[in-house]
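Engineer: Enclosed is the structure file model.cif (mmCIF, C-alpha atoms).
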```cif
data_query
loop_
_atom_site.label_atom_id
_atom_site.label_comp_id
_atom_site.auth_asym_id
_atom_site.auth_seq_id
_atom_site.Cartn_x
_atom_site.Cartn_y
_atom_site.Cartn_z
CA MET A 1 -25.55 3.39 -1.80
CA THR A 2 -28.60 1.14 -1.63
CA GLY A 3 -30.42 -0.85 -4.25
CA SER A 4 -29.72 0.03 -7.85
CA GLU A 5 -29.49 3.75 -7.19
CA VAL A 6 -26.36 5.25 -8.76
CA PRO A 7 -25.33 8.79 -7.72
CA HIS A 8 -24.64 11.35 -10.43
CA SER A 9 -21.21 12.12 -8.98
CA PHE A 10 -18.89 11.76 -6.01
CA ARG A 11 -18.20 15.04 -4.22
CA LEU A 12 -14.75 15.43 -2.73
CA ALA A 13 -13.89 18.39 -0.50
CA TYR A 14 -10.31 19.54 0.02
CA VAL A 15 -8.60 22.24 2.06
CA PRO A 16 -5.91 24.62 0.74
CA GLY A 17 -2.51 23.02 0.35
CA VAL A 18 -3.85 19.56 -0.50
CA THR A 19 -3.46 18.46 -4.13
CA PRO A 20 -5.99 15.67 -4.89
CA SER A 21 -5.20 15.39 -8.62
CA LYS A 22 -3.43 12.00 -8.36
CA TRP A 23 -6.42 10.35 -6.64
CA VAL A 24 -8.90 12.04 -8.96
CA ARG A 25 -7.05 10.63 -11.98
CA ILE A 26 -7.20 7.08 -10.58
CA TRP A 27 -10.90 7.52 -9.79
CA ASN A 28 -11.66 8.60 -13.36
CA GLU A 29 -9.81 5.56 -14.70
CA ARG A 30 -11.65 3.09 -12.47
CA LEU A 31 -15.12 4.67 -12.34
CA PRO A 32 -15.58 6.60 -15.59
CA ASP A 33 -19.38 6.50 -15.21
CA VAL A 34 -19.28 8.30 -11.83
CA PRO A 35 -17.80 11.79 -12.24
CA LEU A 36 -15.85 13.17 -9.28
CA THR A 37 -16.65 16.77 -8.35
CA LEU A 38 -14.09 18.77 -6.33
CA VAL A 39 -15.31 21.12 -3.60
CA ALA A 40 -12.76 23.66 -2.31
CA VAL A 41 -13.30 24.50 1.36
CA SER A 42 -11.42 26.42 4.04
CA PRO A 43 -9.93 24.50 7.00
CA ILE A 44 -12.49 26.06 9.32
CA GLU A 45 -15.55 25.04 7.32
CA ALA A 46 -14.36 21.63 6.05
CA CYS A 47 -15.95 19.48 8.78
CA GLY A 48 -19.19 21.47 8.64
CA VAL A 49 -19.44 20.82 4.89
CA LEU A 50 -19.09 17.08 5.47
CA ARG A 51 -21.71 17.05 8.24
CA ALA A 52 -24.16 19.05 6.13
CA GLY A 53 -23.83 16.65 3.19
CA GLY A 54 -22.02 19.15 1.00
CA ALA A 55 -19.43 16.52 0.16
CA ASP A 56 -19.21 12.73 0.40
CA ALA A 57 -15.64 12.82 1.75
CA GLY A 58 -12.87 15.34 2.08
CA PHE A 59 -9.21 15.99 2.70
CA VAL A 60 -9.04 17.92 5.98
CA ARG A 61 -6.47 18.92 8.55
CA LEU A 62 -6.55 17.19 11.90
CA PRO A 63 -7.92 17.25 14.50
CA VAL A 64 -11.54 16.44 13.68
CA ASP A 65 -14.39 15.45 15.96
CA ARG A 66 -14.43 11.64 15.90
CA ASP A 67 -17.93 11.47 17.42
CA ASP A 68 -19.58 11.71 14.03
CA LEU A 69 -16.71 11.84 11.53
CA SER A 70 -14.33 9.08 10.51
CA ALA A 71 -10.78 10.02 9.59
CA ILE A 72 -7.78 8.23 8.12
CA PRO A 73 -4.50 10.14 8.74
CA LEU A 74 -2.47 10.27 5.53
CA TYR A 75 0.69 12.29 6.09
CA THR A 76 2.34 14.92 8.28
CA GLU A 77 3.68 18.13 6.78
CA THR A 78 6.87 20.03 7.51
CA THR A 79 6.25 23.37 9.23
CA VAL A 80 8.07 26.40 7.81
CA VAL A 81 8.39 30.12 8.45
CA VAL A 82 7.70 32.46 5.53
CA VAL A 83 9.99 35.51 5.37
CA PRO A 84 11.17 38.09 2.84
CA LYS A 85 14.16 36.91 0.78
CA ASP A 86 16.42 39.53 2.35
CA HIS A 87 15.49 38.52 5.92
CA LEU A 88 18.20 37.18 8.28
CA VAL A 89 16.30 33.89 8.60
CA ALA A 90 16.79 33.28 4.87
CA ALA A 91 20.51 32.77 5.50
CA ALA A 92 19.83 29.70 7.72
CA GLU A 93 18.95 26.17 6.59
CA GLU A 94 16.63 25.65 9.58
CA VAL A 95 15.46 27.73 12.55
CA SER A 96 13.76 27.15 15.90
CA THR A 97 10.92 29.03 17.54
CA GLU A 98 13.49 30.78 19.76
CA ASP A 99 15.03 32.30 16.65
CA LEU A 100 11.69 34.04 16.05
CA ALA A 101 11.44 35.56 19.53
CA ASP A 102 12.01 39.12 18.29
CA GLU A 103 9.76 38.78 15.24
CA VAL A 104 6.10 39.69 14.85
CA VAL A 105 4.52 36.31 14.06
CA PHE A 106 1.13 36.45 12.40
CA HIS A 107 -1.61 34.10 13.57
CA PRO A 108 -4.38 34.10 10.92
CA LEU A 109 -7.90 33.00 11.83
CA ASP A 110 -7.63 30.00 9.49
CA ASP A 111 -4.38 28.79 11.08
CA THR A 112 -4.17 24.98 11.19
CA LEU A 113 -1.27 24.56 13.63
CA ASP A 114 -2.08 23.48 17.18
CA TRP A 115 0.04 25.97 19.13
CA GLU A 116 0.44 25.72 22.88
CA GLN A 117 2.18 29.06 22.78
CA LEU A 118 2.65 31.14 19.66
CA PRO A 119 6.30 32.17 19.16
CA GLY A 120 7.50 35.72 18.71
CA LYS A 121 5.53 38.90 19.30
CA PRO A 122 1.77 39.01 18.59
CA ALA A 123 0.47 41.27 15.83
CA ILE A 124 -1.96 44.09 16.65
CA GLU A 125 -4.75 42.02 15.12
CA ARG A 126 -5.08 38.62 13.54
CA PRO A 127 -5.30 38.46 9.74
CA GLU A 128 -8.50 36.83 8.51
CA THR A 129 -6.81 34.36 6.16
CA THR A 130 -3.38 32.90 5.41
CA ALA A 131 -3.43 34.76 2.09
CA ASP A 132 -3.87 38.06 3.96
CA ALA A 133 -0.99 37.18 6.29
CA ILE A 134 1.26 36.46 3.29
CA GLU A 135 0.61 39.96 1.98
CA LEU A 136 1.68 41.42 5.33
CA VAL A 137 4.87 39.34 5.29
CA ALA A 138 5.66 40.67 1.81
CA ALA A 139 5.19 44.20 3.19
CA GLY A 140 7.89 43.49 5.78
CA VAL A 141 5.56 43.76 8.78
CA GLY A 142 6.23 40.29 10.25
CA VAL A 143 6.65 36.58 9.52
CA LEU A 144 4.26 33.64 9.20
CA VAL A 145 4.59 30.00 10.34
CA VAL A 146 2.55 27.56 8.23
CA PRO A 147 2.57 24.03 6.77
CA GLN A 148 4.96 23.83 3.83
CA SER A 149 2.17 23.17 1.31
CA LEU A 150 0.60 26.53 2.16
CA ALA A 151 3.92 28.30 1.71
CA ARG A 152 4.13 26.74 -1.74
CA LEU A 153 0.51 27.54 -2.53
CA HIS A 154 1.07 31.26 -1.75
CA HIS A 155 4.52 31.41 -3.30
CA ARG A 156 5.86 34.83 -4.27
CA LYS A 157 9.15 35.74 -5.91
CA ASP A 158 10.02 38.13 -3.09
CA LEU A 159 9.40 35.55 -0.32
CA THR A 160 11.09 32.35 0.81
CA TYR A 161 10.67 29.88 3.67
CA ARG A 162 12.75 27.76 6.04
CA PRO A 163 11.84 24.71 8.21
CA VAL A 164 11.07 25.34 11.89
CA SER A 165 12.46 22.41 13.87
CA ASP A 166 10.30 22.57 17.00
CA ALA A 167 7.00 23.92 15.68
CA PRO A 168 3.81 21.82 15.79
CA ALA A 169 3.12 19.91 12.57
CA SER A 170 -0.08 19.74 10.54
CA ARG A 171 -1.54 16.33 9.66
CA VAL A 172 -3.74 15.77 6.63
CA ALA A 173 -6.49 13.14 6.74
CA LEU A 174 -9.31 11.75 4.63
CA SER A 175 -12.57 12.25 6.50
CA TRP A 176 -16.27 11.46 5.95
CA PRO A 177 -19.49 11.18 8.02
CA GLN A 178 -19.52 7.88 9.92
CA GLU A 179 -23.14 7.14 9.02
CA GLU A 180 -22.50 7.79 5.33
CA THR A 181 -19.83 5.19 4.63
CA THR A 182 -21.21 4.33 1.19
CA ASP A 183 -19.80 1.97 -1.42
CA LEU A 184 -18.31 4.95 -3.26
CA VAL A 185 -16.65 6.21 -0.08
CA GLU A 186 -15.14 2.74 0.39
CA GLU A 187 -13.97 2.85 -3.22
CA PHE A 188 -12.23 6.17 -2.67
CA ILE A 189 -10.65 4.94 0.58
CA GLY A 190 -9.19 2.04 -1.39
CA ILE A 191 -7.74 4.43 -3.98
CA VAL A 192 -6.15 6.65 -1.33
CA ARG A 193 -4.69 3.63 0.44
CA GLY A 194 -3.21 2.34 -2.80
CA ARG A 195 -5.36 -0.75 -3.29
CA THR A 196 -5.28 -2.19 -6.79
CA VAL A 197 -8.29 -2.91 -8.96
CA ASN A 198 -7.93 -6.63 -8.18
CA SER A 199 -7.74 -6.12 -4.43
CA THR A 200 -9.34 -8.98 -2.48
CA ARG A 201 -10.72 -6.63 0.17
CA GLY A 202 -14.30 -7.66 0.93
CA ARG A 203 -13.99 -10.87 -1.05
CA THR A 204 -13.61 -14.38 0.25
CA PRO A 205 -10.30 -15.70 -1.01
CA THR A 206 -10.44 -19.02 -2.84
CA PRO A 207 -8.70 -21.71 -0.77
CA PRO A 208 -5.80 -23.43 -2.52
CA GLN A 209 -6.74 -26.73 -4.14
CA PRO A 210 -4.78 -29.85 -3.06
CA LYS A 211 -2.40 -31.20 -5.67
CA ALA A 212 -3.37 -34.52 -7.28
CA LYS A 213 -1.12 -37.37 -6.19
CA ARG A 214 0.83 -39.12 -8.95
CA LYS A 215 -0.23 -42.68 -9.45
CA ARG A 216 2.61 -45.12 -9.04
CA PRO A 217 2.79 -47.62 -11.92
CA ASP A 218 1.67 -51.16 -11.12
CA ALA A 219 4.60 -53.57 -10.74
CA GLY A 220 2.92 -56.13 -12.99
CA THR A 221 2.04 -53.78 -15.81
CA GLY A 222 5.54 -53.50 -17.21
CA GLY A 223 6.20 -50.15 -15.46
CA GLY A 224 9.56 -49.19 -14.09
CA GLY A 225 11.53 -49.95 -17.24
CA GLY A 226 9.75 -53.16 -18.28
CA GLY A 227 10.61 -55.17 -15.16
CA GLY A 228 7.74 -57.62 -15.78
CA ALA A 229 8.91 -58.35 -19.31
CA GLN A 230 12.42 -58.89 -18.08
CA ARG A 231 11.24 -61.38 -15.50
CA LYS A 232 9.24 -63.24 -18.14
CA SER A 233 12.08 -63.42 -20.62
CA GLY A 234 14.46 -64.54 -17.90
CA ALA A 235 12.33 -67.55 -16.86
CA GLY A 236 13.88 -70.97 -17.56
CA LYS A 237 17.46 -69.70 -17.44
CA SER A 238 19.97 -70.20 -14.73
CA ALA A 239 22.06 -67.53 -13.20
CA SER A 240 24.74 -68.20 -15.83
CA GLY A 241 22.28 -67.59 -18.63
CA LYS A 242 22.15 -71.23 -19.76
CA PRO A 243 18.87 -73.08 -20.06
CA ALA A 244 17.85 -74.62 -16.76
CA GLY A 245 16.87 -78.35 -16.35
CA LYS A 246 19.84 -79.72 -18.38
CA SER A 247 22.92 -80.91 -16.58
CA PRO A 248 26.32 -80.56 -18.14
CA ARG A 249 27.77 -83.62 -19.85
CA GLY A 250 28.35 -86.49 -17.40
CA ALA A 251 26.62 -84.64 -14.61
CA SER A 252 23.96 -87.37 -14.34
CA GLY A 253 26.50 -89.97 -13.12
CA GLY A 254 28.65 -91.85 -15.65
CA PRO A 255 29.55 -91.36 -19.25
CA LYS A 256 26.99 -91.53 -21.93
CA GLY A 257 26.13 -95.11 -22.76
CA GLY A 258 28.30 -96.54 -19.85
CA LYS A 259 27.97 -100.36 -19.56
CA GLY A 260 28.21 -100.36 -15.85
CA ALA A 261 24.61 -99.47 -15.75
CA LYS A 262 23.55 -102.77 -17.37
CA GLY A 263 24.36 -105.24 -14.60
CA GLY A 264 27.18 -107.37 -16.29
CA LYS A 265 29.30 -110.00 -14.43
CA GLY A 266 31.17 -108.75 -11.50
CA GLY A 267 34.87 -109.39 -10.67
CA ARG A 268 37.88 -109.93 -12.93
CA PRO A 269 37.43 -111.90 -16.18
CA GLY A 270 38.46 -115.53 -15.90
CA ARG A 271 41.43 -117.06 -17.73
CA ARG A 272 41.03 -119.37 -20.62
CA PRO A 273 41.87 -122.94 -19.82
#
```
Is it possible to express this structure as structure tokens?

Structural biologist:
Amino acid sequence: MTGSEVPHSFRLAYVPGVTPSKWVRIWNERLPDVPLTLVAVSPIEACGVLRAGGADAGFVRLPVDRDDLSAIPLYTETTVVVVPKDHLVAAAEEVSTEDLADEVVFHPLDDTLDWEQLPGKPAIERPETTADAIELVAAGVGVLVVPQSLARLHHRKDLTYRPVSDAPASRVALSWPQEETTDLVEEFIGIVRGRTVNSTRGRTPTPPQPKAKRKRPDAGTGGGGGGGAQRKSGAGKSASGKPAGKSPRGASGGPKGGKGAKGGKGGRPGRRP
């Protein structure tokens, strides 16, 4: 998005099995002036819609061509096998691909699992869509291995599903054209990644300010409990608390008024004749 141009809406593509409602709700709360338009696409056409500008971003199933599309992997789904409720597989909590060796396993044209070798026996022809394959499973013709979200999407009362322990898994990602990483795309990436409204992404954080040092009180200003005043009031007193400069009685040498200090006659007094 350049200049002051504001798009009328943000177009978000999504493949079957993906539920974007949580992210759409957050978008509407944060950007109420930019409506988000959902574009439902099949797994096969999803990347083509993004390249042609039919959507600004989309939830797709990996892999995608990273030459011109960016992708952020979000989560990996559990792979399950869809069977009739009265099928033997329904009695197990989990199965392996070997357990499906005697089953006809449908491989629809819109399959999203990256199989090295499809388990079970191949059908006479490939169903066009997953929905068509589900109908054949309900008719008791074979079974279907899909991501769990697709089994839930095409849920029927007469069908059930069980995890397949060693089947390839499908990964869901958010993808968009590399050269069209707009501000709104960045905004949606932040929502999907769980960033808050106050996220500091793209902002320069404010460095912490140093704390002001406390000023120590001056020793002569009476701080520290009035030490200066105590020193002043204690001046002129001895350690015993008595006024200094005055000796105790007789401390100056001789009793008060002693005559010896006046230079009288020395020796014993003479006898009278």

Engineer: So which one's closest to Asp56 of chain A, A:Val82, A:Thr129, A:Val137, A:Glu187? Using only C-alpha atoms, please.

Structural biologist: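 Closest residue, counting only C-alpha atoms: A:Glu187.
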
Engineer: So which residues get picked by the PyMOL selection byres ((chain A and resi 123-125) around 6) here, written as a ChimeraX atom specification?

Structural biologist: /A:104,106,122,126

Engineer: Enter the distance from atom CA of Arg30 of chain A to atom CA of Arg51 of chain A, in Å, rounded to one decimal.

Structural biologist: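 The value is 26.9 Å.
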
Engineer: Using all atoms listed in the file, pick whichever of A:Leu38, A:Leu74, A:Leu31, A:Ala55 has the shortest atom-to-atom distance to Ala173 of chain A.

Structural biologist: A:Leu74

Engineer: Applied to the shown file, which residues does the PyMOL selection byres ((chain A and resi 102) around 7) return, written as a VMD selection string?

Structural biologist: chain A and resid 100 to 101 103 to 104 120 to 121

Engineer: Just how far from atom CA of Gly53 of chain A is atom CA of Asp33 of chain A, in Å to one decimal?

Structural biologist: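 Between atom CA of Asp33 of chain A and atom CA of Gly53 of chain A the gap is 21.5 Å.
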
Engineer: Expand the PyMOL selection byres ((chain A and resi 146) around 12) into the explicit residue set it covers here, and present it as number ranges by chain.

Structural biologist: A: 16-17, 77-83, 105-108, 110-115, 118, 129-131, 133-134, 143-145, 147-154, 161-164, 167-170

Engineer: Could you take the residues named above and write them with C-alpha atoms, as a compact mmCIF listing (two decimals), keeping the file's coordinate frame?

Structural biologist:
```
# COMPACT_ATOMS: atom_id res chain seq x y z
CA PRO A 16 -5.91 24.62 0.74
CA GLY A 17 -2.51 23.02 0.35
CA GLU A 77 3.68 18.13 6.78
CA THR A 78 6.87 20.03 7.51
CA THR A 79 6.25 23.37 9.23
CA VAL A 80 8.07 26.40 7.81
CA VAL A 81 8.39 30.12 8.45
CA VAL A 82 7.70 32.46 5.53
CA VAL A 83 9.99 35.51 5.37
CA VAL A 105 4.52 36.31 14.06
CA PHE A 106 1.13 36.45 12.40
CA HIS A 107 -1.61 34.10 13.57
CA PRO A 108 -4.38 34.10 10.92
CA ASP A 110 -7.63 30.00 9.49
CA ASP A 111 -4.38 28.79 11.08
CA THR A 112 -4.17 24.98 11.19
CA LEU A 113 -1.27 24.56 13.63
CA ASP A 114 -2.08 23.48 17.18
CA TRP A 115 0.04 25.97 19.13
CA LEU A 118 2.65 31.14 19.66
CA THR A 129 -6.81 34.36 6.16
CA THR A 130 -3.38 32.90 5.41
CA ALA A 131 -3.43 34.76 2.09
CA ALA A 133 -0.99 37.18 6.29
CA ILE A 134 1.26 36.46 3.29
CA VAL A 143 6.65 36.58 9.52
CA LEU A 144 4.26 33.64 9.20
CA VAL A 145 4.59 30.00 10.34
CA PRO A 147 2.57 24.03 6.77
CA GLN A 148 4.96 23.83 3.83
CA SER A 149 2.17 23.17 1.31
CA LEU A 150 0.60 26.53 2.16
CA ALA A 151 3.92 28.30 1.71
CA ARG A 152 4.13 26.74 -1.74
CA LEU A 153 0.51 27.54 -2.53
CA HIS A 154 1.07 31.26 -1.75
CA TYR A 161 10.67 29.88 3.67
CA ARG A 162 12.75 27.76 6.04
CA PRO A 163 11.84 24.71 8.21
CA VAL A 164 11.07 25.34 11.89
CA ALA A 167 7.00 23.92 15.68
CA PRO A 168 3.81 21.82 15.79
CA ALA A 169 3.12 19.91 12.57
CA SER A 170 -0.08 19.74 10.54
```

Engineer: For a quick check of understanding, using only C-alpha atoms, which of A:Thr181, A:Ala46, A:Glu94, A:Leu36 has the smallest distance to Leu62 of chain A?

Structural biologist: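 For Leu62 of chain A, the nearest of the candidates is A:Ala46.
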
Engineer: Pick the closest to Ala71 of chain A from A:Gly48, A:Gly194, A:Pro177, A:Gly140: which is it, counting only C-alpha atoms?

Structural biologist: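 Using only C-alpha atoms, the shortest distance to Ala71 of chain A belongs to A:Pro177.
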